[in-house]
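Novice: Following this message is one structure expressed as C-alpha cells.
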Amino acid sequence: MAASDARTGGWDKASVTVLAICVLGWVFDVYEQTVMQLVTPILIKEWGISPSTMGSVTTIGRWVGLIGIFVFPALADLYGRKPVLIVSILGYSLFSGLTGFATGWISLLVLTSVNRIALSGELPVGMLMVTETAPTKWRASALSVLNGGFPLGYMLCSITAYFVVPLAGWQMLYWLGIIPALLVLWIRTGIKESPRFERVSAAMVRDGIKRRLDIWSPVRKYPRDMLVASLVYFFYLFTWIGWSAWMPQFLAVEKKLGFQLTVQYLSIWMFVAIFAYWVLGWCADQFGRRHLIPVLAVPAAAILFSISYLNDPMSLFWAGLGVNVLILGSFGAGLGYTAELFPTQIRGTAVGAAYTFGTAAGATAPTIMGLIANKHSIAAGLPMLAASFLLLAPLFLFFARDTTRKELTDFVGQQT
C-alpha cells in the first residue's frame, strides 16, 4: 500500500479548527476531572470520611475509566475519529451533571466511575485527530497545545470553584459540567473526518482488507514501542495523578493555607503552565524530546521531593509553581509522542492499549498516597512521586526512538 501524502505544509483552516475543537474538548474534560480534586477537603469534612476513602474513590474511578481509554480509541480505528469524539463529549457532559446529585461516597463512586469512561476516552481520540491533521513540522507543538488544555481546564474549574462553591455549594460545579455538550454542534458542522483515516480506509477497501478489532496487534508488531509508550504513560500519570489528587488537601490542610488561598495558588500555577506547554512544545519541535524531557524531569523531581519540607506560604507558592510548570510542560511535550510511534491503521488501538496499561498502574497513586497520609502525611509520599517522574529521563535518553519532524506511517510494517 502506498503511503499517504505527507502533511509537510503549514497550518490551514481545517487543521486549526481540528486543534481548536480538540483543545476545547480536553479543557472541559479536565474541568470535569478537577471538580472532585478541589472538593475533596469539603467532602471529607461534610461526609465525615477518611482521606484513604477519597483516595480509593479516585483510584477506582480511574480504573473503571480504563474502559474508555481502551475502547474509545479502538472504536476510532473501526468507525472513525469524529463520531467517537462526539460520543465521548456527550457522555461526560451528561454524567457530570448527574454526579452533582451524589449524597455520599458510594453514590459519588458510582457516578464518577461511569463518568470516567467517557472522560478517559476523549483525550486519546483527540490526540489521534491532532496527530493526523497537524503539519509534520509543528506536530509536537500542536500536541503540546492540545495537552495545554489541561491547565486551562484546571484553571477554569479553580476559578469557578472560587466563586461558585461559597454561593451555591460544590454540587453546582458538577451541574455546570453539562455545558460542554454544546461543543458537539461545532464538531458536527465544523470539522471533517481525519484525512489519514479516510485514505487508509479507502486503501483497505480497495485491497480487500476488512477492518477488525485486534487488540494484540500493536504488541505483536511493535513490542518495543508499546513498552516505551506504556512506561511514558505510567511515569507521567503515576506522578501527576498522585500529586494533583492530593495537592489541594496538601496545601489547604496539611500546610494550613486554607481553601481560598489554595484555589488562588492553583489558578495562578495553571495559568502560567499554559505558556509552559506552548513554549516547551516549540522546543520539542526544535531540539527533539530525547534531550528536552530529561532536562525537565530532573529539576521537577528535585523540587517535588523538597516541597514536603517547606512551610512558608511564599516558599510553597514558588516551589509549587516550579514543579507544576515543569511537570505539565514536560507532559505536553512527551505525552503526545506516543501517538507518533504507530501507523494510522492501528494508531487508536495502540495508543488506547498503552494508555490503559500506563493508567492502570498510575491510578494506584491516589490510594497509595492516601494510605501514606493516614499513617504519616501527604508530604511523606512525595519522594515516591518524584522518583517516578525522574525515571522519564533515562527512558527518553536511552530507549525512546526519536520521532521529531518525521512523517507518520499509515500501514503496519511501513517504514518512515
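Note on naming: chains are A, B, ... as they come in the C-alpha cells, residues start from 1 per chain, ligands start from 1 in the order shown.
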Excluding same-chain residues fewer than 3 positions from A:Thr367, what lies within 6 Å of it counting only C-alpha atoms, as a list in words?

Specialist: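 Listing them by chain and then by number gives Gly55, Ser56, Thr364 and Gly370 of chain A.
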
Novice: Write out as a compact mmCIF listing (two decimals) with C-alpha atoms, in the first residue's frame each polymer residue whose atoms come within 12 Å of A:Gly169, counting only C-alpha atoms; drop sequence neighbours fewer than 6 positions from it.

Specialist:
```txt
# COMPACT_ATOMS: atom_id res chain seq x y z
CA VAL A 35 -14.01 19.10 40.37
CA VAL A 39 -13.92 19.49 46.60
CA ILE A 42 -15.06 19.72 51.59
CA LEU A 43 -16.40 16.19 51.10
CA GLU A 46 -19.07 17.16 55.09
CA GLY A 100 -23.93 16.66 41.29
CA PHE A 101 -26.73 14.60 42.87
CA THR A 160 -15.36 28.63 39.04
CA ALA A 161 -14.97 26.89 42.40
CA TYR A 162 -13.64 30.08 44.00
CA PHE A 163 -16.84 31.95 43.19
CA TRP A 175 -24.11 20.76 37.17
CA LEU A 176 -22.20 23.36 35.15
```

Novice: At a cut-off of 7 Å, using only C-alpha atoms, what residues contact A:Gly329? Leave out same-chain residues fewer than 5 positions from it and give the result as a PDB file with N, CA and C atoms, in the first residue's frame.

Specialist:
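Contents of out39.pdb, freshly written:
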```
ATOM      1  N   ALA A 273       1.292  27.602  33.585  1.00  0.00           N
ATOM      2  CA  ALA A 273       1.580  26.333  32.908  1.00  0.00           C
ATOM      3  C   ALA A 273       1.090  26.319  31.466  1.00  0.00           C
ATOM      4  N   ALA A 276       3.864  27.392  29.474  1.00  0.00           N
ATOM      5  CA  ALA A 276       4.914  26.360  29.502  1.00  0.00           C
ATOM      6  C   ALA A 276       4.624  25.291  28.453  1.00  0.00           C
ATOM      7  N   TYR A 277       3.373  24.906  28.309  1.00  0.00           N
ATOM      8  CA  TYR A 277       3.005  23.943  27.273  1.00  0.00           C
ATOM      9  C   TYR A 277       3.408  24.458  25.892  1.00  0.00           C
ATOM     10  N   LEU A 280       7.409  24.878  25.532  1.00  0.00           N
ATOM     11  CA  LEU A 280       8.130  23.609  25.534  1.00  0.00           C
ATOM     12  C   LEU A 280       7.717  22.724  24.354  1.00  0.00           C
TER      13      LEU A 280
END
```

Novice: Give me, as a count of residues only, all polymer residues having an atom no more than 9 Å from A:Ile191, counting only C-alpha atoms and skipping those fewer than 4 positions away in the same chain.

Specialist: 8

Novice: Which residue is closest to A:Ile69? Choose from A:Gly381, A:Gly334, A:Pro394, A:Gly358 and count only C-alpha atoms.

Specialist: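 Between A:Gly381, A:Gly334, A:Pro394, A:Gly358, the residue approaching A:Ile69 most closely is A:Gly358.
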
Novice: Which residue is closest to A:Leu382? Choose from A:Trp47, A:Trp240, A:Tyr79, A:Phe150 and count only C-alpha atoms.

Specialist: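 Nearest candidate to A:Leu382 out of A:Trp47, A:Trp240, A:Tyr79, A:Phe150: A:Trp240.
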